[in-house]
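Right, one structure below, let's go through it.
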Amino acid sequence: MSVTDQAFVTLATDDVYCQGALVLGQSLRNHTTSRKLAVLITPEVSSGMRSVLRSVFDEVTEVDALDSADSVRLALLQRPELGVTFTKLHCWTLTHYSKCVFMDADTLVLCNVDELFDREEFSAAPDSGWPDCFNSGVFVFRPSLKTYNLLLQFAAEHGSFDGGDQGLLNSFFSNWATADIGKHLPFIYNLSSSAVYSYVPAFNHFGRDTKVVHFLGATKPWNYKYNLQTKRVMQDGTTSGSFHQLSFLALWWNIYSASILPLLEKFQKMEESESEEWKHTFSGVEITLKKVDPSVANSLQMPVLPEQASEAHPTACSSEELTFKAWLYSSNLYTKLNNVDLAFISLSLTDLPSNMLLILHFRKPLS
Ligand code: UDP
Ligand code: GLC
Ligand code: MN
């Protein structure tokens, strides 16, 4: 049964973090979540990446990066690095959901975690560096414009003690540590990979119950190299990791290589074929053949061809540059163009339906 008024929400402000968001989204799908999947992006995310995101997420929402252009600008001007993670606050604006679970783009679910929606705002797991603070990589919240505005106001007045959203949220939801143990998520819902080596016996004892891995820290899964044949994560001078970290990284890479890379490749091919363009020169006439999306083709008007162009032979045209566009049948036109002369093209110009755009540039004096 799907629940349409609740969602998992993540954030990606650039194409790099999108890779993490995609793996997280796919991991939630693999474990058959009954909740919606939403991703917040900023204008920087490319259009190709947005198409890929739409094939994994139910909702892709563009928000402004929270930076000096926003209402917290005065506070942020002195701390420009705050901008990006403050963007997370936009999750409170998703008011068409009654309750959400925010997850950092560098998290991965290992099983179905829909039971998180039984919790109330504000629920989160302890931060391994300072357990009286929660980690803001996974939290349960209720979208509300009132809360959103209070958070912005709080940010403008107090800033954040760690320069990111986690410091701000911990100051805002300041009674988390003491008020209600029900709002403390078990650590297995946000296991930071660094905790694996800081308390090995605990990890050996409880680690097998891990539900969410958080690749916290500067080196993210996508910074590692992966051998597609052996399905192993490789380490070089810039990356390191314990055995357990490596096995979590391998899980991330398995999803990335099996489900995300093929999507990225598919959309890349589509983009290439959409912009497919062939240039030819026939007797001083430069011809550009462009494949266009049918919706683009339909929105263009068939131009009224100049009198002499109906017989589009170079010698019949004026010496001025003349550009005209025409609809043509798309199928094997490329081959046809290689084999026929311009007289044939002039005939084809009368064939209207097409997803091809033919542009003839009469660039040189045609004599
Ligand atoms: N984020 C982003 N773009 C950035 C940095 C961060 O979209 O340039 C988002 C992303 O969802 C990320 C989260 O903010 O997971 C928090 O940042 P990060 O995970 O890098 O912090 P860490 O958990 O390592 O402290
Ligand atoms: C933390 C959290 C992350 C947050 C960052 C900045 O380490 O894991 O979610 O964005 O701090 O406050
Ligand atoms: Mn993170």
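Each chain in the structure tokens gets a letter, A, B, ..., in the order shown, and its residues are numbered from 1; ligands are numbered from 1 in order too.
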Give me, as a tab-separated table, the closest atom pair and its distance (Å, one decimal) for every residue of chain A within a cut-off of 10 Å of ligand 3, counting only C-alpha atoms and all ligand atoms, rows sorted by chain and rising number.
```
residue	atom	partner	partner_atom_place_in_ligand_line	distance
A:Gly20	CA	ligand 3	1 (Mn)	9.9
A:Thr85	CA	ligand 3	1 (Mn)	9.9
A:Met103	CA	ligand 3	1 (Mn)	8.2
A:Asp104	CA	ligand 3	1 (Mn)	5.0
A:Ala105	CA	ligand 3	1 (Mn)	6.5
A:Asp106	CA	ligand 3	1 (Mn)	5.0
A:Thr107	CA	ligand 3	1 (Mn)	6.6
A:Asn135	CA	ligand 3	1 (Mn)	8.9
A:Ser136	CA	ligand 3	1 (Mn)	8.0
A:Gly137	CA	ligand 3	1 (Mn)	5.2
A:Val138	CA	ligand 3	1 (Mn)	8.7
A:Asn190	CA	ligand 3	1 (Mn)	9.8
A:Ser192	CA	ligand 3	1 (Mn)	8.6
A:Val213	CA	ligand 3	1 (Mn)	9.8
A:His214	CA	ligand 3	1 (Mn)	6.1
A:Phe215	CA	ligand 3	1 (Mn)	6.1
A:Leu216	CA	ligand 3	1 (Mn)	4.6
A:Gly217	CA	ligand 3	1 (Mn)	7.0
A:Ala218	CA	ligand 3	1 (Mn)	9.1
A:Lys220	CA	ligand 3	1 (Mn)	8.8
```
Could you write out the selected residues, including all heavy atoms, as a CSV table (one decimal), in the first residue's frame?
```csv
chain,number,residue,atom,x,y,z
A,20,GLY,N,25.1,10.4,-5.4
A,20,GLY,CA,24.7,9.8,-4.1
A,20,GLY,C,23.2,9.8,-3.9
A,20,GLY,O,22.7,8.7,-3.5
A,85,THR,N,24.9,23.7,2.8
A,85,THR,CA,24.1,22.8,3.6
A,85,THR,C,22.9,23.4,4.2
A,85,THR,O,21.9,22.7,4.6
A,85,THR,CB,24.9,22.1,4.7
A,85,THR,OG1,25.5,23.2,5.5
A,85,THR,CG2,26.0,21.2,4.1
A,103,MET,N,17.2,12.4,4.4
A,103,MET,CA,18.4,11.6,4.4
A,103,MET,C,19.4,12.3,3.5
A,103,MET,O,19.1,12.6,2.4
A,103,MET,CB,18.1,10.2,3.8
A,103,MET,CG,17.0,9.5,4.7
A,103,MET,SD,16.8,7.7,4.2
A,103,MET,CE,18.3,7.0,4.9
A,104,ASP,N,20.6,12.4,4.0
A,104,ASP,CA,21.7,13.0,3.3
A,104,ASP,C,21.9,12.2,2.0
A,104,ASP,O,21.7,11.0,2.0
A,104,ASP,CB,23.1,12.9,4.1
A,104,ASP,CG,23.4,14.2,4.9
A,104,ASP,OD1,22.5,15.1,4.9
A,104,ASP,OD2,24.5,14.3,5.4
A,105,ALA,N,22.5,12.8,1.0
A,105,ALA,CA,22.7,12.1,-0.3
A,105,ALA,C,23.9,11.1,-0.2
A,105,ALA,O,24.1,10.3,-1.0
A,105,ALA,CB,23.1,13.1,-1.4
A,106,ASP,N,24.6,11.2,1.0
A,106,ASP,CA,25.7,10.2,1.2
A,106,ASP,C,25.2,9.1,2.1
A,106,ASP,O,26.1,8.5,2.8
A,106,ASP,CB,27.0,10.9,1.7
A,106,ASP,CG,26.8,11.6,3.0
A,106,ASP,OD1,25.6,11.8,3.4
A,106,ASP,OD2,27.8,11.9,3.7
A,107,THR,N,23.9,8.8,2.2
A,107,THR,CA,23.5,7.7,3.0
A,107,THR,C,22.9,6.6,2.0
A,107,THR,O,22.7,6.8,0.9
A,107,THR,CB,22.3,8.1,3.9
A,107,THR,OG1,21.2,8.6,3.2
A,107,THR,CG2,22.8,9.1,4.9
A,135,ASN,N,22.9,13.8,14.7
A,135,ASN,CA,23.5,13.9,13.4
A,135,ASN,C,22.4,14.3,12.5
A,135,ASN,O,21.3,13.7,12.5
A,135,ASN,CB,24.2,12.6,12.9
A,135,ASN,CG,24.8,12.8,11.6
A,135,ASN,OD1,24.1,12.6,10.6
A,135,ASN,ND2,26.1,13.2,11.5
A,136,SER,N,22.6,15.3,11.6
A,136,SER,CA,21.5,15.8,10.8
A,136,SER,C,21.5,15.1,9.4
A,136,SER,O,20.9,15.6,8.5
A,136,SER,CB,21.6,17.3,10.6
A,136,SER,OG,22.8,17.7,10.0
A,137,GLY,N,22.2,13.9,9.3
A,137,GLY,CA,22.1,13.2,8.0
A,137,GLY,C,20.9,12.4,7.9
A,137,GLY,O,20.5,12.0,6.7
A,138,VAL,N,20.2,12.1,8.9
A,138,VAL,CA,18.9,11.3,8.9
A,138,VAL,C,18.0,11.9,9.9
A,138,VAL,O,18.4,11.9,11.1
A,138,VAL,CB,19.1,9.8,9.2
A,138,VAL,CG1,17.8,9.1,9.2
A,138,VAL,CG2,20.1,9.2,8.2
A,190,ASN,N,21.6,5.5,11.4
A,190,ASN,CA,22.5,6.5,10.8
A,190,ASN,C,23.9,6.1,11.3
A,190,ASN,O,24.5,6.8,12.1
A,190,ASN,CB,22.1,7.9,11.3
A,190,ASN,CG,22.9,9.0,10.7
A,190,ASN,OD1,23.9,8.7,10.0
A,190,ASN,ND2,22.5,10.2,10.9
A,192,SER,N,27.5,6.1,11.0
A,192,SER,CA,28.5,6.8,10.3
A,192,SER,C,29.7,5.8,10.1
A,192,SER,O,30.0,5.1,11.1
A,192,SER,CB,28.9,8.1,10.9
A,192,SER,OG,29.4,7.9,12.2
A,213,VAL,N,23.5,3.3,6.3
A,213,VAL,CA,24.9,3.6,6.4
A,213,VAL,C,25.1,5.1,6.0
A,213,VAL,O,24.4,5.5,5.0
A,213,VAL,CB,25.8,2.8,5.5
A,213,VAL,CG1,27.3,3.1,5.6
A,213,VAL,CG2,25.6,1.3,5.8
A,214,HIS,N,25.9,5.9,6.7
A,214,HIS,CA,26.1,7.3,6.3
A,214,HIS,C,27.6,7.4,6.0
A,214,HIS,O,28.4,7.3,6.9
A,214,HIS,CB,25.7,8.1,7.5
A,214,HIS,CG,25.7,9.6,7.2
A,214,HIS,ND1,25.3,10.5,8.2
A,214,HIS,CD2,26.2,10.3,6.2
A,214,HIS,CE1,25.5,11.7,7.7
A,214,HIS,NE2,26.1,11.6,6.4
A,215,PHE,N,27.9,7.7,4.8
A,215,PHE,CA,29.4,7.9,4.4
A,215,PHE,C,29.8,9.3,4.7
A,215,PHE,O,30.2,10.1,3.9
A,215,PHE,CB,29.5,7.6,2.9
A,215,PHE,CG,29.2,6.1,2.6
A,215,PHE,CD1,28.0,5.8,2.0
A,215,PHE,CD2,30.1,5.1,2.8
A,215,PHE,CE1,27.7,4.5,1.7
A,215,PHE,CE2,29.8,3.8,2.5
A,215,PHE,CZ,28.6,3.5,2.0
A,216,LEU,N,29.8,9.6,6.0
A,216,LEU,CA,30.1,10.9,6.5
A,216,LEU,C,31.6,11.2,6.3
A,216,LEU,O,32.4,10.3,6.5
A,216,LEU,CB,29.7,10.9,8.0
A,216,LEU,CG,29.8,12.2,8.8
A,216,LEU,CD1,28.6,12.2,9.8
A,216,LEU,CD2,31.1,12.4,9.5
A,217,GLY,N,31.9,12.5,6.1
A,217,GLY,CA,33.3,12.9,5.9
A,217,GLY,C,33.6,13.3,4.5
A,217,GLY,O,32.8,13.2,3.6
A,218,ALA,N,34.9,13.8,4.3
A,218,ALA,CA,35.2,14.4,3.1
A,218,ALA,C,35.3,13.4,1.9
A,218,ALA,O,35.0,13.8,0.7
A,218,ALA,CB,36.6,15.1,3.2
A,220,LYS,N,33.8,10.6,-0.2
A,220,LYS,CA,32.5,10.0,-0.5
A,220,LYS,C,32.7,8.7,-1.3
A,220,LYS,O,33.7,8.6,-2.0
A,220,LYS,CB,31.6,11.0,-1.2
A,220,LYS,CG,31.3,12.3,-0.4
A,220,LYS,CD,30.7,12.0,1.0
A,220,LYS,CE,30.3,13.2,1.7
A,220,LYS,NZ,30.1,13.0,3.2
```
Original post:
Looking only at the backbone, which of the residues in segment 85-205 of chain A does DSSP tag as helix (DSSP H, G or I), as JSON, numbers by chain?
Top reply: {"A": [85, 86, 87, 88, 89, 90, 91, 92, 93, 114, 115, 116, 117, 118, 145, 146, 147, 148, 149, 150, 151, 152, 153, 154, 155, 156, 157, 158, 165, 166, 167, 168, 169, 170, 171, 172, 181, 182, 183, 187, 188, 189, 195, 196, 197, 198, 200, 201, 202, 203, 204, 205]}
Computed gap from atom CA of Asp58 of chain A to atom CA of Phe267 of chain A is 17.5 Å
Problem - Atom pair atom CA of Val140 of chain A / atom CA of Asn204 of chain A: separation (Å) - result: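 These two atoms are separated by 27.4 Å.
Residues surrounding Phe102 of chain A within 10 Å are Ala7, Phe8, Val9, Thr10, Leu11, Ala38, Val39, Lys88, Cys91, Trp92, Lys99, Cys100, Asp104, Ala105, Ala124, Ser136, Gly137, Val138, Phe139, Val140 and Phe141 of chain A [only C-alpha atoms; sequence separation below 2 positions excluded].
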With distances taken over only C-alpha atoms and all ligand atoms, the candidate from A:Leu116, A:Val109, A:Thr219, A:Arg29 nearest ligand 1 is A:Thr219
